[in-house]
Amino acid sequence: MARLENSEIAALFGEMADLLQIDGGDRHRIAAFRRAARIIEGLPRPAEELLSRGELDSVRGIGSGTVHRVKQMLRRHSCDDLDQLRRKVGPGLREMLKIKGIGPTTVRNIHNRLGIETIDQLEYAAQAGAIEAMPRMGTAMVHKILAGVEAYRKRRGKVPLIEAQRVGRRIIASLASLPEVARIELAGSVRRGKAAIGDLDVLVASSDPGPVSSRFQSLPDVEEVLLRGDTRCSVRLRNQQQADLRVLPPQSFGAGLHYFTGSKLHNIELRLRAGRMGLKVSDKGVFTRDEQLIDPCPEEADVFRHLALPWIPPELRENQGEVEAADRKRLPKLIEAGDLLGDLHMHTTDSDGAGTLREMSERARELGHRYIAITDHSKALRIANGLDEPRLAAQLQRIRRLDAQFDDLQLRSGIEVDILANGDLDLDPALLAQLDWVVASVHRWTEQDEATMTKRVIRAIHSGVVDCIGHPTGRRPGKRDAYPLDLEAVLAAARDHDVALECNGGPNRMDLGDVDCRRCRERGVAVALNTDAHAPRHLGRPEFALAMARRGWLEREHVLNAQPWEVIAARRARRLRDHGDPQWRAVPILVQVPAGPDTDTDAAVELDQDRGGGPTGSEDHAWIDLEPLEFPPAVAQAPVEEGSAAAVAEPVEDRDALRAALTQAPLGAELRERLSAWLMSAAADPTLERALTELGEERGENPLQVGFDLLSKPL
DNA sequence: GCCGTTTTCGGCCCGACTGTTTTCAGTCG
Ligand SMILES: Nc1nc2c(ncn2[C@H]2C[C@H](O)[C@@H](COP(=O)(O)OP(=O)(O)OP(=O)(O)O)O2)c(=O)[nH]1
Ligand SMILES: [Mg+2]
Ligand SMILES: [Mg+2]
Ligand SMILES: [Zn+2]
């Protein structure tokens, strides 16, 4: 049996809590299981390790009962109580808890009275009138259940942070124009910077909630109003996400913001602390135990001040020790955008980027970067026009010449080399040894088992030429789990070889995630916060990597690209000396670069500006723009982002004809070109998008998926 | 099940909204 990850142990405790709740167990005991689940999920070390060192039960919220169960779980992936509960409460009942409006009591009642075990049976019983006949049930409840079942079937999982931010900011822009709105802020998991977002939480300060709530309910993105009260309102958006509005008086905006930012467990932790101090905290402010208002708290810091705490950054508010750290004045000084000196992962038109070498460099200079490393794909990613040895050698020389023109930017030659199925690198190590910086990444053969994948990545680390493992876990927030990988073993190898792990800031990756960043800190492995830019404008968006790093408690000293280039170069030089192959140094350069325009500086720059080849691939890189997929009609009116292809006029053409052309095999070259341009978000193409959406509806796929499928078909 | 500036026993965050509750339970944030 494979070793249990913390997240898997957490899932087992979560299941216990659900089953126990349906079974009618003690609510505090249930809450304790849930708390233990969340705490274990966020531990920066494997529970197994803490257990063997006798440190597990010294974690707050974990006691002897949990330790006892973790021991069993590590042995056999379950524990005695869980076995018993599973025999008593079927899995269908647990699934029913996910239906909005149905809780443990309802599930228990309908099961006891009607013998219902599954959601299908529940739906049938509701339609057949059996639910309505029960005590404390009426027609309204029946409708609520049926609507809940339907919404559950249509549900959409979590959404990547960038998409939630876009939808949320549009809502904010619309509400902020109302005169009744004094202050407005996005709260909840978006404000905390989580990678995958469940719902949107909007907080408004206003002395007149009515008009605010009305505007909220009539937003174009709203599909259904779920609940409306005096101070709060919930709606379902067209992308099946929920949005919650909370309106409160301006004088308690700080208390409300603290409440609505969460997390839930952080709130509870703080409120317990308040209780011990003889105080009460709510979204209305700080009170004495007997309800005397002390301070409505216009600012968030007021809440913390009354609890004798410094303001805690939202990213840390996960009940992972931040309250205790704040109490001891030991909060980390979290990494900030201004600490980043350079960017160590980006693509150019040489592979699947949309900006030339010069354009990327110029943008980096404008942003004030001190250094950047160019890291195009390697040849295994043919679909992304990956570089082979001769092209890489040629690029290296072009980079050296361009670098000589800059005195404000250290332009460095790197690569994102594929780690092949057996752990070999996709390019000759002797050539890689001559570069300034090597990111090694897994893109293909991701179906391997954990042992194989782990050996593969460690083999790349052992090569001696690799400086950094790119997007180490392969996860896609809200889309795809990490592939199986023993990160502990990778961390150990990385530390031994002074290899960094990347926190890839592409909004579709955000990989490493928050907890994994903290594990790096714990293990002494440096983290590189990169944008993985596929266009110049992406270089100015480090916020997604920063969110993960800050949530992972990283400070400047833990982040590789918060150090001067010389530090990075020295690590590489040392590694090449200690772990490299002496042969490499003997070979000056592997590939003869043909003389000609490329050896002439000016001509080379011209060559650089030649976009011939361009993006041809269909690798869904980290920056694919997802917004049009979620709100197709709204997109036409939405403000277009700076630097995007806003100027491209929408072609007047028949969508049906285009759709027909897309179903032809083989696809014409022009259409392929157009598809890739759209997939790489290099061009806005509403017509194409609509056509793909319609095709996708027929096949039950999203338009992006359809696009990739079409492109990956043989010519 | 966990925990202690009131406690080793007896508490455990606090409030809004909905439905059929005529005095409050269930669910959610
Ligand atoms: N005090 C307290 N606050 C809560 C509770 N449940 C939710 N909150 C607060 C904290 C949450 O961050 C905030 C918004 O609730 P959500 O359910 O939207 O959670 P959140 O946004 O954190 O995560 P999400 O990505 O939406 O699942 O409301 C609770 O039981 N007690
Ligand atoms: Mg939320
Ligand atoms: Mg919410
Ligand atoms: Zn990559």
# chains A, B, ... in the order shown; residues from 1 in each chain; ligands from 1
call {"tool": "interface_residues", "arguments": {"of": "chain A", "to": "chain B", "cutoff": "6 Å", "atoms": "only C-alpha atoms (C1' of nucleotides)", "output": "list in words"}}
result
Arg29, Ala32, Ile268 and Arg271 of chain A
call {"tool": "residues_near_ligand", "arguments": {"ligand": "ligand 2", "cutoff": "6 Å", "atoms": "only C-alpha atoms (C1' of nucleotides) and all ligand atoms", "output": "list of chain:residue names"}}
result
A:Gly188, A:Ser189, A:Gly198, A:Asp199, A:Leu200, A:Asp201
call {"tool": "write_last_selection", "arguments": {"atoms": "all heavy atoms", "output": "PDB file, in the first residue's frame"}}
result
ATOM      1  N   GLY A 188     -13.466  36.478   1.766  1.00  0.00           N
ATOM      2  CA  GLY A 188     -13.428  35.029   1.604  1.00  0.00           C
ATOM      3  C   GLY A 188     -12.092  34.513   1.084  1.00  0.00           C
ATOM      4  O   GLY A 188     -11.053  35.144   1.254  1.00  0.00           O
ATOM      5  N   SER A 189     -12.156  33.342   0.443  1.00  0.00           N
ATOM      6  CA  SER A 189     -10.925  32.669   0.020  1.00  0.00           C
ATOM      7  C   SER A 189     -10.190  33.439  -1.063  1.00  0.00           C
ATOM      8  O   SER A 189      -8.982  33.269  -1.226  1.00  0.00           O
ATOM      9  CB  SER A 189     -11.253  31.249  -0.457  1.00  0.00           C
ATOM     10  OG  SER A 189     -12.329  31.269  -1.367  1.00  0.00           O
ATOM     11  N   GLY A 198     -14.129  28.346  -3.944  1.00  0.00           N
ATOM     12  CA  GLY A 198     -15.471  27.782  -3.936  1.00  0.00           C
ATOM     13  C   GLY A 198     -16.515  28.800  -4.351  1.00  0.00           C
ATOM     14  O   GLY A 198     -17.161  28.669  -5.385  1.00  0.00           O
ATOM     15  N   ASP A 199     -16.680  29.843  -3.580  1.00  0.00           N
ATOM     16  CA  ASP A 199     -17.643  30.880  -3.956  1.00  0.00           C
ATOM     17  C   ASP A 199     -17.042  32.264  -3.729  1.00  0.00           C
ATOM     18  O   ASP A 199     -15.974  32.407  -3.151  1.00  0.00           O
ATOM     19  CB  ASP A 199     -18.958  30.725  -3.189  1.00  0.00           C
ATOM     20  CG  ASP A 199     -18.819  31.119  -1.731  1.00  0.00           C
ATOM     21  OD1 ASP A 199     -17.736  31.544  -1.319  1.00  0.00           O
ATOM     22  OD2 ASP A 199     -19.813  31.001  -0.997  1.00  0.00           O
ATOM     23  N   LEU A 200     -17.740  33.269  -4.216  1.00  0.00           N
ATOM     24  CA  LEU A 200     -17.267  34.649  -4.087  1.00  0.00           C
ATOM     25  C   LEU A 200     -17.955  35.294  -2.896  1.00  0.00           C
ATOM     26  O   LEU A 200     -19.147  35.071  -2.666  1.00  0.00           O
ATOM     27  CB  LEU A 200     -17.620  35.443  -5.342  1.00  0.00           C
ATOM     28  CG  LEU A 200     -16.847  35.050  -6.588  1.00  0.00           C
ATOM     29  CD1 LEU A 200     -17.492  35.667  -7.810  1.00  0.00           C
ATOM     30  CD2 LEU A 200     -15.411  35.509  -6.452  1.00  0.00           C
ATOM     31  N   ASP A 201     -17.216  36.110  -2.166  1.00  0.00           N
ATOM     32  CA  ASP A 201     -17.764  36.774  -1.000  1.00  0.00           C
ATOM     33  C   ASP A 201     -17.494  38.265  -1.132  1.00  0.00           C
ATOM     34  O   ASP A 201     -16.339  38.688  -1.170  1.00  0.00           O
ATOM     35  CB  ASP A 201     -17.115  36.205   0.260  1.00  0.00           C
ATOM     36  CG  ASP A 201     -17.317  34.692   0.358  1.00  0.00           C
ATOM     37  OD1 ASP A 201     -18.425  34.270   0.701  1.00  0.00           O
ATOM     38  OD2 ASP A 201     -16.363  33.940   0.056  1.00  0.00           O
TER      39      ASP A 201
END
call {"tool": "residues_near_ligand", "arguments": {"ligand": "ligand 3", "cutoff": "12 Å", "atoms": "only C-alpha atoms (C1' of nucleotides) and all ligand atoms", "output": "PyMOL selection string"}}
result
(chain A and resi 186-191+197-203+232-236+241-246+259-264) or (chain B and resi 28-29)
call {"tool": "write_last_selection", "arguments": {"atoms": "C-alpha atoms (C1' of nucleotides)", "output": "PDB file, in the first residue's frame"}}
result
ATOM      1  CA  LEU A 186     -13.735  41.010  -2.088  1.00  0.00           C
ATOM      2  CA  ALA A 187     -13.399  38.791   0.991  1.00  0.00           C
ATOM      3  CA  GLY A 188     -13.428  35.029   1.604  1.00  0.00           C
ATOM      4  CA  SER A 189     -10.925  32.669   0.020  1.00  0.00           C
ATOM      5  CA  VAL A 190     -10.194  35.112  -2.823  1.00  0.00           C
ATOM      6  CA  ARG A 191      -8.818  37.648  -0.370  1.00  0.00           C
ATOM      7  CA  ILE A 197     -12.083  29.131  -4.992  1.00  0.00           C
ATOM      8  CA  GLY A 198     -15.471  27.782  -3.936  1.00  0.00           C
ATOM      9  CA  ASP A 199     -17.643  30.880  -3.956  1.00  0.00           C
ATOM     10  CA  LEU A 200     -17.267  34.649  -4.087  1.00  0.00           C
ATOM     11  CA  ASP A 201     -17.764  36.774  -1.000  1.00  0.00           C
ATOM     12  CA  VAL A 202     -18.430  40.482  -1.436  1.00  0.00           C
ATOM     13  CA  LEU A 203     -18.501  42.840   1.508  1.00  0.00           C
ATOM     14  CA  ARG A 232     -27.082  39.371   3.138  1.00  0.00           C
ATOM     15  CA  CYS A 233     -27.930  37.917  -0.220  1.00  0.00           C
ATOM     16  CA  SER A 234     -26.743  34.849  -2.119  1.00  0.00           C
ATOM     17  CA  VAL A 235     -26.988  34.238  -5.845  1.00  0.00           C
ATOM     18  CA  ARG A 236     -25.963  31.564  -8.306  1.00  0.00           C
ATOM     19  CA  GLN A 241     -20.525  29.617  -8.906  1.00  0.00           C
ATOM     20  CA  GLN A 242     -22.241  31.094  -5.898  1.00  0.00           C
ATOM     21  CA  ALA A 243     -21.719  34.700  -4.817  1.00  0.00           C
ATOM     22  CA  ASP A 244     -22.510  35.970  -1.336  1.00  0.00           C
ATOM     23  CA  LEU A 245     -23.123  39.625  -0.557  1.00  0.00           C
ATOM     24  CA  ARG A 246     -22.893  40.991   2.941  1.00  0.00           C
ATOM     25  CA  TYR A 259     -15.454  37.807   9.673  1.00  0.00           C
ATOM     26  CA  PHE A 260     -16.053  37.514   5.926  1.00  0.00           C
ATOM     27  CA  THR A 261     -12.388  36.951   5.085  1.00  0.00           C
ATOM     28  CA  GLY A 262     -12.160  33.917   7.334  1.00  0.00           C
ATOM     29  CA  SER A 263     -11.093  31.303   7.252  1.00  0.00           C
ATOM     30  CA  LYS A 264     -13.789  29.760   9.359  1.00  0.00           C
TER      31      LYS A 264
ATOM     32  C1'  DC B  28     -25.381  28.094   6.187  1.00  0.00           C
ATOM     33  C1'  DG B  29     -21.570  31.716   6.096  1.00  0.00           C
TER      34       DG B  29
END
call {"tool": "atom_distance", "arguments": {"atom1": "CA of Ile39 in chain A", "atom2": "CA of Glu555 in chain A"}}
result
21.9 Å
call {"tool": "residues_near_ligand", "arguments": {"ligand": "ligand 4", "cutoff": "10 Å", "atoms": "only C-alpha atoms (C1' of nucleotides) and all ligand atoms", "output": "number ranges by chain"}}
result
A: 345-347, 375-378, 381, 416-418, 439-443, 469-472, 474, 504, 506, 509, 532, 619-622
call {"tool": "decode", "arguments": {"residues": "range 505-522 of chain A", "atoms": "N, CA, C and O atoms", "output": "tab-separated table (two decimals), in the first residue's frame"}}
result
chain	number	residue	atom	x	y	z
A	505	GLY	N	3.90	30.55	-11.28
A	505	GLY	CA	2.84	31.54	-11.06
A	505	GLY	C	1.84	31.65	-12.19
A	505	GLY	O	1.02	32.58	-12.19
A	506	GLY	N	1.91	30.74	-13.14
A	506	GLY	CA	0.85	30.72	-14.16
A	506	GLY	C	-0.46	30.45	-13.46
A	506	GLY	O	-0.55	29.54	-12.62
A	507	PRO	N	-1.50	31.24	-13.74
A	507	PRO	CA	-2.74	31.11	-12.98
A	507	PRO	C	-3.44	29.76	-13.17
A	507	PRO	O	-4.29	29.41	-12.36
A	508	ASN	N	-3.06	29.01	-14.19
A	508	ASN	CA	-3.63	27.67	-14.34
A	508	ASN	C	-2.83	26.61	-13.61
A	508	ASN	O	-3.20	25.44	-13.62
A	509	ARG	N	-1.71	27.02	-13.04
A	509	ARG	CA	-0.87	26.04	-12.33
A	509	ARG	C	-0.77	26.35	-10.83
A	509	ARG	O	-1.14	25.56	-9.99
A	510	MET	N	-0.19	27.50	-10.50
A	510	MET	CA	0.09	27.84	-9.10
A	510	MET	C	0.65	26.62	-8.37
A	510	MET	O	0.11	26.11	-7.40
A	511	ASP	N	1.80	26.16	-8.88
A	511	ASP	CA	2.39	24.88	-8.50
A	511	ASP	C	3.88	25.12	-8.36
A	511	ASP	O	4.52	25.48	-9.34
A	512	LEU	N	4.41	24.95	-7.19
A	512	LEU	CA	3.91	24.45	-5.92
A	512	LEU	C	2.73	25.21	-5.33
A	512	LEU	O	2.62	26.42	-5.48
A	513	GLY	N	1.91	24.49	-4.61
A	513	GLY	CA	0.83	25.11	-3.87
A	513	GLY	C	1.30	25.62	-2.52
A	513	GLY	O	2.47	25.50	-2.16
A	514	ASP	N	0.33	26.19	-1.78
A	514	ASP	CA	0.65	26.83	-0.50
A	514	ASP	C	1.36	25.91	0.50
A	514	ASP	O	2.45	26.21	1.00
A	515	VAL	N	0.74	24.76	0.76
A	515	VAL	CA	1.31	23.86	1.77
A	515	VAL	C	2.68	23.36	1.32
A	515	VAL	O	3.61	23.24	2.13
A	516	ASP	N	2.83	23.09	0.03
A	516	ASP	CA	4.11	22.61	-0.47
A	516	ASP	C	5.19	23.68	-0.37
A	516	ASP	O	6.37	23.37	-0.13
A	517	CYS	N	4.83	24.94	-0.54
A	517	CYS	CA	5.81	26.02	-0.32
A	517	CYS	C	6.30	25.99	1.12
A	517	CYS	O	7.49	26.14	1.40
A	518	ARG	N	5.35	25.77	2.02
A	518	ARG	CA	5.74	25.74	3.44
A	518	ARG	C	6.63	24.53	3.72
A	518	ARG	O	7.52	24.58	4.56
A	519	ARG	N	6.36	23.45	3.03
A	519	ARG	CA	7.22	22.26	3.20
A	519	ARG	C	8.64	22.58	2.74
A	519	ARG	O	9.61	22.11	3.35
A	520	CYS	N	8.78	23.35	1.68
A	520	CYS	CA	10.12	23.75	1.22
A	520	CYS	C	10.83	24.56	2.31
A	520	CYS	O	12.00	24.35	2.60
A	521	ARG	N	10.10	25.50	2.87
A	521	ARG	CA	10.68	26.31	3.94
A	521	ARG	C	11.16	25.41	5.08
A	521	ARG	O	12.27	25.55	5.58
A	522	GLU	N	10.30	24.48	5.43
A	522	GLU	CA	10.59	23.56	6.54
A	522	GLU	C	11.85	22.73	6.24
A	522	GLU	O	12.62	22.43	7.13
